[in-house]
$ cat query00.txt   # compact mmCIF, C-alpha atoms
# COMPACT_ATOMS: atom_id res chain seq x y z
CA MET Y 1 -2.85 -13.72 23.26
CA THR Y 2 -3.51 -14.71 26.89
CA THR Y 3 -6.58 -13.09 28.42
CA PRO Y 4 -5.61 -10.82 31.35
CA ALA Y 5 -6.79 -11.85 34.79
CA LEU Y 6 -8.16 -8.34 35.32
CA GLN Y 7 -8.74 -5.68 32.68
CA VAL Y 8 -9.99 -2.22 33.65
CA HIS Y 9 -11.19 0.18 30.94
CA GLU Y 10 -11.67 3.91 31.64
CA LEU Y 11 -13.20 3.08 35.01
CA THR Y 12 -14.73 5.84 37.12
CA LYS Y 13 -16.60 5.47 40.39
CA SER Y 14 -18.12 8.44 42.17
CA PHE Y 15 -20.23 8.63 45.30
CA SER Y 16 -22.75 11.13 46.60
CA GLY Y 17 -21.31 14.46 47.61
CA GLY Y 18 -19.01 14.60 44.59
CA VAL Y 19 -16.49 12.09 45.96
CA ILE Y 20 -14.58 10.47 43.08
CA ALA Y 21 -13.01 7.24 44.32
CA LEU Y 22 -11.68 6.11 40.92
CA ASP Y 23 -11.03 8.49 38.05
CA ASP Y 24 -10.69 7.11 34.51
CA VAL Y 25 -8.59 4.11 35.54
CA ASP Y 26 -6.99 1.81 32.98
CA LEU Y 27 -5.25 -1.27 34.33
CA SER Y 28 -4.26 -4.68 33.02
CA ILE Y 29 -3.12 -7.51 35.30
CA PRO Y 30 -1.51 -10.50 33.57
CA ALA Y 31 -2.82 -13.99 34.21
CA GLY Y 32 -0.52 -16.01 36.46
CA SER Y 33 1.07 -13.00 38.14
CA LEU Y 34 1.38 -12.13 41.81
CA PHE Y 35 0.31 -8.50 41.52
CA GLY Y 36 0.51 -5.78 44.17
CA LEU Y 37 -2.11 -3.02 44.21
CA LEU Y 38 -0.81 -0.15 46.32
CA GLY Y 39 -1.91 3.30 47.35
CA PRO Y 40 -2.31 5.61 50.35
CA ASN Y 41 -5.49 5.41 52.40
CA GLY Y 42 -8.39 6.63 50.29
CA ALA Y 43 -6.61 5.99 46.99
CA GLY Y 44 -9.39 3.72 45.69
CA LYS Y 45 -7.97 0.22 46.25
CA THR Y 46 -10.92 -1.17 48.21
CA THR Y 47 -13.36 0.47 45.80
CA LEU Y 48 -11.63 -1.27 42.90
CA PHE Y 49 -11.86 -4.61 44.71
CA SER Y 50 -15.55 -4.00 45.45
CA LEU Y 51 -16.23 -3.23 41.80
CA ALA Y 52 -14.38 -6.38 40.74
CA ALA Y 53 -16.57 -8.46 43.08
CA GLY Y 54 -19.77 -6.86 41.86
CA PHE Y 55 -20.51 -5.26 45.23
CA LEU Y 56 -20.54 -1.85 43.53
CA LYS Y 57 -21.42 -0.74 40.01
CA PRO Y 58 -19.14 1.63 38.06
CA THR Y 59 -20.23 5.15 37.27
CA MET Y 60 -18.48 4.87 33.90
CA GLY Y 61 -16.23 2.37 32.19
CA ARG Y 62 -16.04 -1.36 32.69
CA LEU Y 63 -14.07 -4.04 34.45
CA GLU Y 64 -13.44 -7.57 33.20
CA VAL Y 65 -12.25 -10.60 35.17
CA LEU Y 66 -10.90 -13.40 32.95
CA GLY Y 67 -12.41 -11.66 29.94
CA THR Y 68 -15.93 -11.49 31.41
CA ASP Y 69 -17.55 -8.16 32.26
CA VAL Y 70 -18.36 -8.18 35.98
CA ALA Y 71 -21.79 -6.85 35.04
CA ARG Y 72 -22.35 -10.57 34.31
CA ILE Y 73 -20.81 -11.65 37.62
CA SER Y 74 -22.82 -14.88 37.78
CA GLU Y 75 -20.85 -16.22 34.81
CA LEU Y 76 -17.69 -16.04 36.94
CA ARG Y 77 -19.05 -18.17 39.79
CA GLY Y 78 -16.27 -20.40 41.08
CA ARG Y 79 -13.60 -18.83 38.85
CA PHE Y 80 -12.44 -16.10 41.22
CA ALA Y 81 -12.44 -15.48 44.96
CA MET Y 82 -12.04 -12.44 47.16
CA LEU Y 83 -11.02 -11.94 50.77
CA PRO Y 84 -12.07 -8.49 52.06
CA GLN Y 85 -9.86 -6.89 54.69
CA ASP Y 86 -12.39 -7.27 57.50
CA ALA Y 87 -13.84 -10.65 56.49
CA ALA Y 88 -15.21 -12.44 59.56
CA LEU Y 89 -16.67 -15.88 60.15
CA GLN Y 90 -19.75 -16.57 62.27
CA LYS Y 91 -18.39 -17.16 65.76
CA ASP Y 92 -20.77 -19.91 66.92
CA VAL Y 93 -20.88 -22.07 63.78
CA PRO Y 94 -18.35 -24.86 63.11
CA VAL Y 95 -15.72 -23.80 60.59
CA ILE Y 96 -16.34 -26.75 58.27
CA ASP Y 97 -20.07 -25.96 58.06
CA GLN Y 98 -19.36 -22.39 57.00
CA LEU Y 99 -16.94 -23.49 54.28
CA ILE Y 100 -19.42 -26.10 53.06
CA MET Y 101 -22.05 -23.37 52.79
CA PHE Y 102 -19.74 -21.25 50.63
CA CYS Y 103 -19.12 -24.23 48.35
CA ARG Y 104 -22.83 -24.93 48.09
CA LEU Y 105 -23.39 -21.31 47.05
CA ASN Y 106 -20.92 -21.99 44.23
CA GLY Y 107 -23.10 -24.84 43.05
CA LEU Y 108 -21.33 -27.89 44.52
CA ALA Y 109 -23.28 -30.92 45.75
CA TYR Y 110 -22.98 -31.59 49.49
CA GLN Y 111 -20.36 -34.35 49.37
CA SER Y 112 -18.22 -32.42 46.88
CA ALA Y 113 -18.62 -29.30 49.03
CA ARG Y 114 -17.49 -31.14 52.16
CA ALA Y 115 -14.44 -32.57 50.38
CA ALA Y 116 -13.53 -29.12 48.99
CA ALA Y 117 -13.93 -27.52 52.44
CA GLN Y 118 -11.65 -30.10 54.05
CA GLU Y 119 -9.08 -29.68 51.27
CA ALA Y 120 -9.12 -25.90 51.77
CA LEU Y 121 -8.48 -26.27 55.51
CA GLU Y 122 -5.60 -28.63 54.81
CA PHE Y 123 -4.17 -26.11 52.34
CA VAL Y 124 -3.83 -23.56 55.16
CA GLY Y 125 -2.50 -26.16 57.60
CA LEU Y 126 -5.67 -26.42 59.69
CA GLY Y 127 -7.13 -29.72 58.59
CA ASP Y 128 -8.02 -30.69 62.16
CA VAL Y 129 -10.03 -27.59 63.19
CA GLY Y 130 -13.12 -28.06 61.02
CA GLY Y 131 -15.31 -29.10 63.95
CA ARG Y 132 -14.35 -26.08 66.05
CA THR Y 133 -16.31 -22.86 66.02
CA ALA Y 134 -14.64 -19.74 64.63
CA GLY Y 135 -14.95 -18.06 68.02
CA ALA Y 136 -12.69 -20.74 69.55
CA LEU Y 137 -9.81 -19.99 67.17
CA SER Y 138 -6.85 -17.68 67.78
CA HIS Y 139 -6.64 -14.56 65.63
CA GLY Y 140 -3.94 -16.09 63.44
CA MET Y 141 -5.89 -19.33 62.95
CA ALA Y 142 -9.09 -17.41 62.14
CA LYS Y 143 -7.20 -15.42 59.50
CA ARG Y 144 -5.91 -18.61 57.89
CA VAL Y 145 -9.41 -20.10 57.88
CA ALA Y 146 -10.63 -16.91 56.18
CA VAL Y 147 -7.89 -17.32 53.55
CA SER Y 148 -8.99 -20.92 53.03
CA GLN Y 149 -12.22 -19.55 51.53
CA THR Y 150 -10.24 -18.20 48.60
CA VAL Y 151 -9.11 -21.66 47.44
CA LEU Y 152 -12.52 -23.33 47.62
CA GLY Y 153 -13.23 -24.84 44.23
CA ASN Y 154 -9.75 -23.96 42.90
CA PRO Y 155 -10.46 -20.45 41.53
CA GLU Y 156 -8.23 -18.98 38.82
CA VAL Y 157 -7.99 -15.47 40.33
CA VAL Y 158 -7.74 -14.55 44.02
CA PHE Y 159 -8.10 -11.02 45.44
CA LEU Y 160 -6.58 -10.46 48.90
CA ASP Y 161 -7.15 -7.17 50.73
CA GLU Y 162 -4.63 -6.66 53.58
CA PRO Y 163 -4.36 -10.40 54.32
CA THR Y 164 -1.61 -10.11 56.96
CA ALA Y 165 -2.89 -6.99 58.74
CA GLY Y 166 -2.88 -7.43 62.51
CA LEU Y 167 -0.95 -10.71 62.48
CA ASP Y 168 2.16 -11.42 64.55
CA PRO Y 169 5.40 -11.99 62.58
CA ASP Y 170 5.15 -15.79 62.64
CA ASN Y 171 1.55 -15.92 61.40
CA ALA Y 172 2.29 -13.24 58.80
CA ARG Y 173 5.21 -15.30 57.50
CA SER Y 174 3.03 -18.42 57.30
CA LEU Y 175 0.38 -16.53 55.39
CA ARG Y 176 2.95 -15.17 52.93
CA GLU Y 177 4.02 -18.75 52.23
CA LEU Y 178 0.39 -19.65 51.51
CA ILE Y 179 0.17 -16.76 49.07
CA ARG Y 180 3.28 -18.02 47.28
CA ARG Y 181 1.71 -21.47 47.10
CA MET Y 182 -1.44 -20.04 45.54
CA ARG Y 183 0.60 -18.45 42.79
CA GLY Y 184 2.79 -21.52 42.47
CA GLU Y 185 -0.29 -23.61 41.72
CA GLY Y 186 -1.11 -21.42 38.74
CA ARG Y 187 -3.50 -18.89 40.24
CA THR Y 188 -3.36 -15.16 39.69
CA VAL Y 189 -3.10 -13.41 43.08
CA ILE Y 190 -3.97 -9.72 43.36
CA LEU Y 191 -2.75 -8.37 46.69
CA SER Y 192 -3.48 -5.06 48.38
CA SER Y 193 -1.30 -4.25 51.37
CA HIS Y 194 0.23 -1.33 53.26
CA ASN Y 195 3.18 -3.55 54.18
CA LEU Y 196 5.42 -2.48 51.32
CA GLN Y 197 8.32 -4.75 52.25
CA GLU Y 198 5.90 -7.66 52.11
CA VAL Y 199 4.71 -6.58 48.67
CA GLN Y 200 8.30 -6.19 47.46
CA ASP Y 201 9.15 -9.70 48.69
CA LEU Y 202 6.05 -11.32 47.17
CA CYS Y 203 4.99 -9.52 44.01
CA ASP Y 204 6.47 -9.46 40.53
CA GLU Y 205 4.30 -6.58 39.26
CA VAL Y 206 2.82 -3.53 40.96
CA ALA Y 207 0.41 -0.68 40.30
CA ILE Y 208 0.18 2.41 42.50
CA LEU Y 209 -3.13 4.25 42.89
CA HIS Y 210 -3.13 7.87 44.06
CA HIS Y 211 -6.17 10.15 44.21
CA GLY Y 212 -8.15 7.57 42.29
CA ARG Y 213 -5.73 7.27 39.38
CA VAL Y 214 -3.04 4.77 38.42
CA VAL Y 215 0.15 6.82 38.68
CA GLU Y 216 2.64 3.98 38.16
CA GLN Y 217 2.55 0.40 36.90
CA GLY Y 218 5.34 -1.99 36.04
CA SER Y 219 7.45 -4.92 37.12
CA MET Y 220 9.02 -4.85 40.56
CA ALA Y 221 12.44 -4.79 38.90
CA GLU Y 222 11.50 -1.72 36.84
CA LEU Y 223 9.99 0.09 39.80
CA THR Y 224 12.84 -0.51 42.25
CA GLY Y 225 15.78 -0.55 39.83
CA THR Y 226 16.75 -4.14 40.62
CA GLY Y 227 19.85 -5.02 38.61
CA SER Y 228 21.12 -1.44 38.36
CA LEU Y 229 20.96 -0.04 41.90
CA LEU Y 230 22.51 -1.22 45.16
CA ARG Y 231 21.96 0.05 48.70
CA VAL Y 232 25.19 -0.31 50.69
CA LYS Y 233 25.73 -0.01 54.44
CA LEU Y 234 29.25 0.31 55.86
CA ALA Y 235 30.63 0.01 59.38
CA ARG Y 236 31.89 3.61 59.14
CA PRO Y 237 31.20 6.59 56.88
CA LEU Y 238 32.19 6.60 53.24
CA THR Y 239 35.26 8.84 52.91
CA ASP Y 240 35.51 11.54 50.25
CA ALA Y 241 38.46 9.74 48.69
CA ALA Y 242 36.54 6.46 48.46
CA GLY Y 243 33.49 8.27 47.07
CA HIS Y 244 35.55 9.95 44.35
CA ALA Y 245 37.26 6.65 43.52
CA LEU Y 246 33.92 4.88 43.14
CA ALA Y 247 32.49 7.69 41.00
CA SER Y 248 35.45 7.40 38.63
CA ARG Y 249 34.92 3.70 37.93
CA PRO Y 250 33.57 2.95 34.42
CA THR Y 251 30.89 0.61 35.82
CA ILE Y 252 29.39 3.20 38.19
CA ALA Y 253 27.06 5.95 37.00
CA GLU Y 254 26.19 7.61 40.32
CA ILE Y 255 26.93 7.56 44.05
CA GLU Y 256 24.31 9.01 46.42
CA THR Y 257 24.80 9.26 50.19
CA SER Y 258 21.61 8.28 52.02
CA GLY Y 259 22.81 8.15 55.63
CA GLU Y 260 25.89 8.50 57.80
CA THR Y 261 27.15 5.04 56.85
CA GLU Y 262 24.85 4.27 53.92
CA PHE Y 263 24.95 5.10 50.24
CA ASN Y 264 23.33 4.08 46.96
CA VAL Y 265 25.25 2.94 43.90
CA ARG Y 266 23.70 3.15 40.45
CA PHE Y 267 25.55 1.15 37.84
CA VAL Y 268 25.98 2.03 34.18
CA GLU Y 269 23.38 0.18 32.09
CA PRO Y 270 24.43 -2.17 30.72
CA ALA Y 271 27.41 -2.42 33.05
CA PRO Y 272 30.68 -3.25 31.24
CA GLY Y 273 31.28 -6.95 31.88
CA GLY Y 274 27.84 -7.39 33.46
CA LEU Y 275 26.52 -7.01 37.00
CA ASP Y 276 29.05 -9.42 38.54
CA ALA Y 277 31.93 -7.33 37.16
CA ALA Y 278 30.30 -4.14 38.47
CA MET Y 279 29.87 -5.69 41.92
CA GLY Y 280 33.50 -6.80 41.89
CA ASP Y 281 34.56 -3.28 40.95
CA LEU Y 282 32.58 -1.87 43.89
CA TYR Y 283 34.04 -4.30 46.45
CA THR Y 284 37.60 -3.89 45.14
CA THR Y 285 37.47 -0.10 45.25
CA LEU Y 286 36.01 -0.05 48.75
CA GLY Y 287 38.64 -2.55 49.92
CA GLU Y 288 41.43 -0.37 48.57
CA HIS Y 289 40.18 2.33 50.96
CA GLY Y 290 39.83 0.01 53.94
CA LEU Y 291 36.02 -0.11 53.74
CA TRP Y 292 33.89 -3.27 53.67
CA PRO Y 293 30.13 -3.48 53.29
CA ARG Y 294 28.11 -4.74 56.24
CA GLN Y 295 24.91 -4.95 54.18
CA VAL Y 296 24.18 -4.83 50.46
CA LEU Y 297 20.61 -4.79 49.10
CA GLU Y 298 19.69 -4.86 45.42
CA GLY Y 299 17.25 -2.23 44.17
CA ALA Y 300 15.62 0.70 45.91
CA SER Y 301 13.13 -0.11 48.64
CA LEU Y 302 9.56 -0.17 47.38
CA GLU Y 303 8.68 2.12 50.27
CA SER Y 304 11.04 4.84 49.09
CA ARG Y 305 9.76 4.59 45.51
CA PHE Y 306 6.17 4.64 46.76
CA LEU Y 307 6.77 7.79 48.81
CA GLN Y 308 8.60 9.42 45.91
CA ILE Y 309 5.77 8.68 43.49
CA THR Y 310 2.98 9.74 45.85
CA GLY Y 311 4.74 12.87 47.08
CA GLY Y 312 6.39 11.65 50.30
CA THR Y 313 10.02 12.15 51.25
CA PHE Y 314 12.63 9.94 49.59
CA ASP Y 315 15.64 8.64 51.51
CA GLY Y 316 16.58 5.92 48.98
CA ALA Y 317 17.42 3.41 51.68
CA SER Y 318 14.44 2.55 53.86
CA SER Y 319 13.63 -1.14 53.97
CA THR Y 320 10.56 -1.12 56.20
$ encode --input "query00.txt" --output "structure tokens"
Amino acid sequence: MTTPALQVHELTKSFSGGVIALDDVDLSIPAGSLFGLLGPNGAGKTTLFSLAAGFLKPTMGRLEVLGTDVARISELRGRFAMLPQDAALQKDVPVIDQLIMFCRLNGLAYQSARAAAQEALEFVGLGDVGGRTAGALSHGMAKRVAVSQTVLGNPEVVFLDEPTAGLDPDNARSLRELIRRMRGEGRTVILSSHNLQEVQDLCDEVAILHHGRVVEQGSMAELTGTGSLLRVKLARPLTDAAGHALASRPTIAEIETSGETEFNVRFVEPAPGGLDAAMGDLYTTLGEHGLWPRQVLEGASLESRFLQITGGTFDGASST
């Protein structure tokens, strides 16, 4: 059986004053996955990352990265990397020198460290900025240089805490492509982000922390209902006659209005004739009533499921 990238066993972390950041957490993250770790502010995400990196020690329980207890963190040198949310480079030191230092701390000889540092900069598309100081870089470039640290030495597991926070749309998109490349090269990527649309686009598995506990874990398809639920937007409101006609179709289990011109369709599982037949049934029935979709999205939004699970309001259609 493949060793999980991260295995958490009955993990509890408390701080002075009776604050319990993590409460008896069990979690398993498969090797090779692009995994989203979600939760409201204060849910325990950053604490879990800090425990994984050995910055903190658990109050109870244990945490293993690649089968090694992080109590023996030195045995994992070079095998995993972490980018904290507020990671910052020294402003007045050339970028390449800082990356070389990180490689040297991982045990590489100078020439190997220099080659690895240059390769990491090229990975993030900044192969020509090594001689510049971090203070001379734009915010987006500095963020990409920070991400380059996580590929130094080709680690097997990468932890990213809010990697696109504060970036403009173009830089955020570029960084998401880098994250996909990391996973595509065989790494496990564990991503924490408040941008739930970003997580839905990137990740194949998700866990949600709330009040220090894992309240939900599963594949993105399981969590959002991909394959059985559609969000449909029309140019004008769904009429009662069209709604009744849709509800009577053998492929459709439920119709739920979520806005003036928006509704959710949940198909029978398994749909007679498969998903293509169910989609055809939906379009045909709407067409018979003079209605045509302007937008169709598969699955619930991760945001709506997140709010539902953590006690927020559920509109079934939000895509932000």
$ residues_around --input "query00.txt" --residues "Arg266 in chain Y" --least-positions-apart "2" --cutoff "12 Å" --atoms "only C-alpha atoms" --output "PDB file with C-alpha atoms, keeping the file's coordinate frame"
ATOM      1  CA  THR Y 224      12.840  -0.510  42.250  1.00  0.00           C
ATOM      2  CA  GLY Y 225      15.780  -0.550  39.830  1.00  0.00           C
ATOM      3  CA  THR Y 226      16.750  -4.140  40.620  1.00  0.00           C
ATOM      4  CA  GLY Y 227      19.850  -5.020  38.610  1.00  0.00           C
ATOM      5  CA  SER Y 228      21.120  -1.440  38.360  1.00  0.00           C
ATOM      6  CA  LEU Y 229      20.960  -0.040  41.900  1.00  0.00           C
ATOM      7  CA  LEU Y 230      22.510  -1.220  45.160  1.00  0.00           C
ATOM      8  CA  ARG Y 231      21.960   0.050  48.700  1.00  0.00           C
ATOM      9  CA  VAL Y 232      25.190  -0.310  50.690  1.00  0.00           C
ATOM     10  CA  LEU Y 246      33.920   4.880  43.140  1.00  0.00           C
ATOM     11  CA  ALA Y 247      32.490   7.690  41.000  1.00  0.00           C
ATOM     12  CA  ARG Y 249      34.920   3.700  37.930  1.00  0.00           C
ATOM     13  CA  PRO Y 250      33.570   2.950  34.420  1.00  0.00           C
ATOM     14  CA  THR Y 251      30.890   0.610  35.820  1.00  0.00           C
ATOM     15  CA  ILE Y 252      29.390   3.200  38.190  1.00  0.00           C
ATOM     16  CA  ALA Y 253      27.060   5.950  37.000  1.00  0.00           C
ATOM     17  CA  GLU Y 254      26.190   7.610  40.320  1.00  0.00           C
ATOM     18  CA  ILE Y 255      26.930   7.560  44.050  1.00  0.00           C
ATOM     19  CA  GLU Y 256      24.310   9.010  46.420  1.00  0.00           C
ATOM     20  CA  THR Y 257      24.800   9.260  50.190  1.00  0.00           C
ATOM     21  CA  PHE Y 263      24.950   5.100  50.240  1.00  0.00           C
ATOM     22  CA  ASN Y 264      23.330   4.080  46.960  1.00  0.00           C
ATOM     23  CA  VAL Y 268      25.980   2.030  34.180  1.00  0.00           C
ATOM     24  CA  GLU Y 269      23.380   0.180  32.090  1.00  0.00           C
ATOM     25  CA  PRO Y 270      24.430  -2.170  30.720  1.00  0.00           C
ATOM     26  CA  ALA Y 271      27.410  -2.420  33.050  1.00  0.00           C
ATOM     27  CA  LEU Y 275      26.520  -7.010  37.000  1.00  0.00           C
ATOM     28  CA  ALA Y 278      30.300  -4.140  38.470  1.00  0.00           C
ATOM     29  CA  MET Y 279      29.870  -5.690  41.920  1.00  0.00           C
ATOM     30  CA  LEU Y 282      32.580  -1.870  43.890  1.00  0.00           C
ATOM     31  CA  GLU Y 298      19.690  -4.860  45.420  1.00  0.00           C
ATOM     32  CA  GLY Y 299      17.250  -2.230  44.170  1.00  0.00           C
ATOM     33  CA  ALA Y 300      15.620   0.700  45.910  1.00  0.00           C
ATOM     34  CA  GLY Y 316      16.580   5.920  48.980  1.00  0.00           C
TER      35      GLY Y 316
END
$ closest_residue --input "query00.txt" --among "Y:Gly67, Y:Gly78, Y:Gly135, Y:Gly212" --to "Thr3 in chain Y" --atoms "only C-alpha atoms"
Y:Gly67
$ atom_distance --input "query00.txt" --atom1 "CA of Val296 in chain Y" --atom2 "CA of Leu234 in chain Y"
9.0 Å
$ residues_around --input "query00.txt" --residues "range 175-192 of chain Y" --least-positions-apart "2" --cutoff "7 Å" --atoms "only C-alpha atoms" --output "PyMOL selection string"
chain Y and resi 5+31-38+124+156-162+164+171-173
$ atom_distance --input "query00.txt" --atom1 "CA of Pro293 in chain Y" --atom2 "CA of Gly243 in chain Y"
13.7 Å
$ residues_around --input "query00.txt" --residues "Gly131 in chain Y" --least-positions-apart "6" --cutoff "8 Å" --atoms "all atoms listed in the file" --output "list in words"
Pro94, Val95 and Ile96 of chain Y
$ closest_residue --input "query00.txt" --among "Y:Arg62, Y:Arg305, Y:His244, Y:Arg104" --to "Leu286 in chain Y" --atoms "only C-alpha atoms"
Y:His244
$ atom_distance --input "query00.txt" --atom1 "CA of Ala245 in chain Y" --atom2 "CA of Arg294 in chain Y"
19.4 Å
$ closest_residue --input "query00.txt" --among "Y:Arg77, Y:Arg144, Y:Arg72, Y:Arg213" --to "Ala120 in chain Y" --atoms "all atoms listed in the file"
Y:Arg144
$ residues_around --input "query00.txt" --residues "Pro58 in chain Y" --least-positions-apart "6" --cutoff "9 Å" --atoms "all atoms listed in the file" --output "list in words"
Leu11, Thr12, Lys13, Ser14 and Leu51 of chain Y
